[in-house]
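**Q** Let me give you the structure first, and then I'll get to my questions.
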Amino acid sequence: MGNWGGMAVAHATVAELREFAAEAGCAVDCDEDLGGGWSAVHYPDQPDGAAAALARRTGAPVLTVAYLDSDVGFVEAATFAGGRWKALLNRDAAEDYEIPVERFPVEAALAGALDWAAAAGLTADADGIRAALTGSEACAEDLTDRLLGALGLHLTMTA
């Protein structure tokens, strides 16, 4: 059985991100300290607009991913200043679900991702981001890990 939940990543402590996620309507299942001041929370369901709400609350860039049975990942990211971008992970699988992939243009997502990383003070790898956005994996979570790494979040999970 795949993952039907979601996750949020932000430059905040685990306790802060847990609190902020609850305020944004996300019922947190578990959390992780990712190192370098970054944390993640995982939840069974993600309300629309969670990234923007969390960015306003944390004052930092936030990235969320909602999963469709671990086959597809819907990325939404926002900055405190109002910058937003969306992306689709596992485009081939998305087409199997008849999701209109043209609603998630890769180049627009790439530009947004680079701006997001800069706002987060991260050094992003444009080719790595493009590869994650266009790649195919058995599980969308693997593409999420690749995307986060390409954004400059070289995560050391300590949970």
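Simple scheme: letters A, B, ... for chains in structure tokens order, numbers from 1 for residues in each chain, numbers from 1 for ligands in the order shown.
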What are the DSSP alpha helix (DSSP H) residues of region 25-137 of chain A, as a VMD selection string?
**A** chain A and resid 50 to 58 91 to 96 106 to 119 126 to 134
**Q** Per DSSP on the backbone, filter region 34-113 of chain A down to the residues in strand (DSSP E) and report them as a PyMOL selection string.
**A** chain A and resi 34-35+38-43+62-68+72-78+84-89
**Q** Could you tell me how far CA of Ala52 (chain A) sits from CA of Ala77 (chain A), in Å to one decimal place?
**A** 7.2 Å
**Q** Can you tell me, as a PDB file with C-alpha atoms, in the first residue's frame, what residues are no more than 7 Å from Leu68 (chain A) when counting only C-alpha atoms, ignoring any on the same chain fewer than 5 positions away?
**A**
ATOM      1  CA  ASN A   3       1.578   6.679   0.767  1.00  0.00           C
ATOM      2  CA  TRP A   4      -1.523   8.864   0.428  1.00  0.00           C
ATOM      3  CA  GLY A  73       4.004  13.620  -5.849  1.00  0.00           C
TER       4      GLY A  73
END
**Q** Each residue of region 45-95 of chain A with at least one atom at most 6 Å from region 5-19 of chain A should appear once, together with its nearest atom pair and the corresponding distance in Å (one decimal); atoms considered: only C-alpha atoms; ordering: chain, then increasing residue number; output as CSV.
**A**
residue,atom,partner,partner_atom,distance
A:Asp45,CA,A:Gly5,CA,4.9
A:Gln46,CA,A:Gly6,CA,5.9
A:Val62,CA,A:Ala10,CA,4.7
A:Leu63,CA,A:Val9,CA,5.3
A:Thr64,CA,A:Ala8,CA,4.2
A:Val65,CA,A:Gly6,CA,5.4
A:Ala66,CA,A:Gly6,CA,4.1
A:Tyr67,CA,A:Gly5,CA,5.6
**Q** Which one of A:Glu23, A:Asp33, A:Glu76, A:Asp142 sits closest to Gly49 (chain A) if you count only C-alpha atoms?
**A**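 Of A:Glu23, A:Asp33, A:Glu76, A:Asp142, the one nearest Gly49 (chain A) is A:Glu76, counting only C-alpha atoms.
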**Q** Using only C-alpha atoms, which residues sit within 8 Å of Ile129 (chain A) once same-chain residues fewer than 4 positions away are excluded, as a PDB file with all heavy atoms, in the first residue's frame?
**A**
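See part_36.pdb below for the written result:
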ATOM      1  N   LEU A 110      11.157  24.717 -12.540  1.00  0.00           N
ATOM      2  CA  LEU A 110      12.599  24.858 -12.356  1.00  0.00           C
ATOM      3  C   LEU A 110      12.948  26.288 -11.950  1.00  0.00           C
ATOM      4  O   LEU A 110      13.710  26.508 -10.998  1.00  0.00           O
ATOM      5  CB  LEU A 110      13.343  24.465 -13.627  1.00  0.00           C
ATOM      6  CG  LEU A 110      14.854  24.690 -13.625  1.00  0.00           C
ATOM      7  CD1 LEU A 110      15.536  23.894 -12.529  1.00  0.00           C
ATOM      8  CD2 LEU A 110      15.429  24.335 -14.993  1.00  0.00           C
ATOM      9  N   ALA A 113      11.816  26.822  -8.433  1.00  0.00           N
ATOM     10  CA  ALA A 113      12.659  26.074  -7.497  1.00  0.00           C
ATOM     11  C   ALA A 113      13.986  26.791  -7.254  1.00  0.00           C
ATOM     12  O   ALA A 113      14.470  26.858  -6.115  1.00  0.00           O
ATOM     13  CB  ALA A 113      12.902  24.667  -8.028  1.00  0.00           C
ATOM     14  N   ALA A 124      21.495  25.569  -5.189  1.00  0.00           N
ATOM     15  CA  ALA A 124      20.754  24.546  -5.919  1.00  0.00           C
ATOM     16  C   ALA A 124      21.515  24.085  -7.150  1.00  0.00           C
ATOM     17  O   ALA A 124      22.364  24.791  -7.686  1.00  0.00           O
ATOM     18  CB  ALA A 124      19.393  25.103  -6.336  1.00  0.00           C
ATOM     19  N   ASP A 125      21.178  22.894  -7.599  1.00  0.00           N
ATOM     20  CA  ASP A 125      21.729  22.284  -8.811  1.00  0.00           C
ATOM     21  C   ASP A 125      20.599  22.210  -9.840  1.00  0.00           C
ATOM     22  O   ASP A 125      19.713  21.346  -9.738  1.00  0.00           O
ATOM     23  CB  ASP A 125      22.265  20.895  -8.469  1.00  0.00           C
ATOM     24  CG  ASP A 125      22.643  20.056  -9.674  1.00  0.00           C
ATOM     25  OD1 ASP A 125      22.685  20.584 -10.808  1.00  0.00           O
ATOM     26  OD2 ASP A 125      22.899  18.855  -9.482  1.00  0.00           O
ATOM     27  N   LEU A 133      12.416  16.502 -11.522  1.00  0.00           N
ATOM     28  CA  LEU A 133      11.106  16.884 -12.036  1.00  0.00           C
ATOM     29  C   LEU A 133      10.683  16.071 -13.254  1.00  0.00           C
ATOM     30  O   LEU A 133       9.498  15.954 -13.534  1.00  0.00           O
ATOM     31  CB  LEU A 133      11.082  18.377 -12.388  1.00  0.00           C
ATOM     32  CG  LEU A 133      11.270  19.350 -11.233  1.00  0.00           C
ATOM     33  CD1 LEU A 133      11.285  20.782 -11.750  1.00  0.00           C
ATOM     34  CD2 LEU A 133      10.194  19.163 -10.170  1.00  0.00           C
ATOM     35  N   ARG A 146      15.479  13.184  -4.150  1.00  0.00           N
ATOM     36  CA  ARG A 146      16.375  13.732  -5.173  1.00  0.00           C
ATOM     37  C   ARG A 146      16.149  15.232  -5.354  1.00  0.00           C
ATOM     38  O   ARG A 146      17.095  16.006  -5.494  1.00  0.00           O
ATOM     39  CB  ARG A 146      16.178  13.000  -6.496  1.00  0.00           C
ATOM     40  CG  ARG A 146      16.760  11.597  -6.475  1.00  0.00           C
ATOM     41  CD  ARG A 146      16.489  10.770  -7.695  1.00  0.00           C
ATOM     42  NE  ARG A 146      16.690  11.444  -8.970  1.00  0.00           N
ATOM     43  CZ  ARG A 146      16.288  10.957 -10.126  1.00  0.00           C
ATOM     44  NH1 ARG A 146      15.641   9.800 -10.175  1.00  0.00           N
ATOM     45  NH2 ARG A 146      16.499  11.603 -11.236  1.00  0.00           N
ATOM     46  N   LEU A 147      14.882  15.655  -5.344  1.00  0.00           N
ATOM     47  CA  LEU A 147      14.563  17.075  -5.487  1.00  0.00           C
ATOM     48  C   LEU A 147      15.123  17.878  -4.321  1.00  0.00           C
ATOM     49  O   LEU A 147      15.748  18.914  -4.527  1.00  0.00           O
ATOM     50  CB  LEU A 147      13.042  17.269  -5.591  1.00  0.00           C
ATOM     51  CG  LEU A 147      12.559  18.717  -5.655  1.00  0.00           C
ATOM     52  CD1 LEU A 147      13.103  19.423  -6.898  1.00  0.00           C
ATOM     53  CD2 LEU A 147      11.038  18.773  -5.621  1.00  0.00           C
ATOM     54  N   ALA A 150      18.818  18.258  -4.704  1.00  0.00           N
ATOM     55  CA  ALA A 150      19.161  19.190  -5.783  1.00  0.00           C
ATOM     56  C   ALA A 150      18.857  20.634  -5.400  1.00  0.00           C
ATOM     57  O   ALA A 150      19.507  21.559  -5.893  1.00  0.00           O
ATOM     58  CB  ALA A 150      18.408  18.807  -7.053  1.00  0.00           C
ATOM     59  N   LEU A 151      17.893  20.839  -4.510  1.00  0.00           N
ATOM     60  CA  LEU A 151      17.596  22.185  -4.029  1.00  0.00           C
ATOM     61  C   LEU A 151      18.669  22.695  -3.072  1.00  0.00           C
ATOM     62  O   LEU A 151      18.694  23.877  -2.737  1.00  0.00           O
ATOM     63  CB  LEU A 151      16.226  22.222  -3.336  1.00  0.00           C
ATOM     64  CG  LEU A 151      15.021  22.144  -4.262  1.00  0.00           C
ATOM     65  CD1 LEU A 151      13.758  21.852  -3.474  1.00  0.00           C
ATOM     66  CD2 LEU A 151      14.887  23.425  -5.071  1.00  0.00           C
TER      67      LEU A 151
END
**Q** Tell me which protein, DNA and RNA residues are within 12 Å of Glu98 (chain A), counting only C-alpha atoms, leaving out same-chain ones fewer than 6 positions away, and put them as a PyMOL selection string.
**A** chain A and resi 72+91-92
**Q** Restricting the output to C-alpha atoms, write the selected residues as a PDB file, in the first residue's frame.
**A**
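Result written to out06.pdb:
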ATOM      1  CA  VAL A  72       2.825  10.663  -7.912  1.00  0.00           C
ATOM      2  CA  ARG A  91       5.141  12.402 -14.655  1.00  0.00           C
ATOM      3  CA  ASP A  92       4.889   9.001 -16.378  1.00  0.00           C
TER       4      ASP A  92
END
**Q** Grab the CA of Thr144 (chain A) to CA of Arg57 (chain A) distance for me, in Å with one decimal place.
**A**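 Distance between the two atoms: 23.0 Å.
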**Q** When you draw a straight line from CA of Asp96 (chain A) to CA of Val28 (chain A), how long is it in Å?
**A**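 Separation between CA of Asp96 (chain A) and CA of Val28 (chain A): 29.5 Å.
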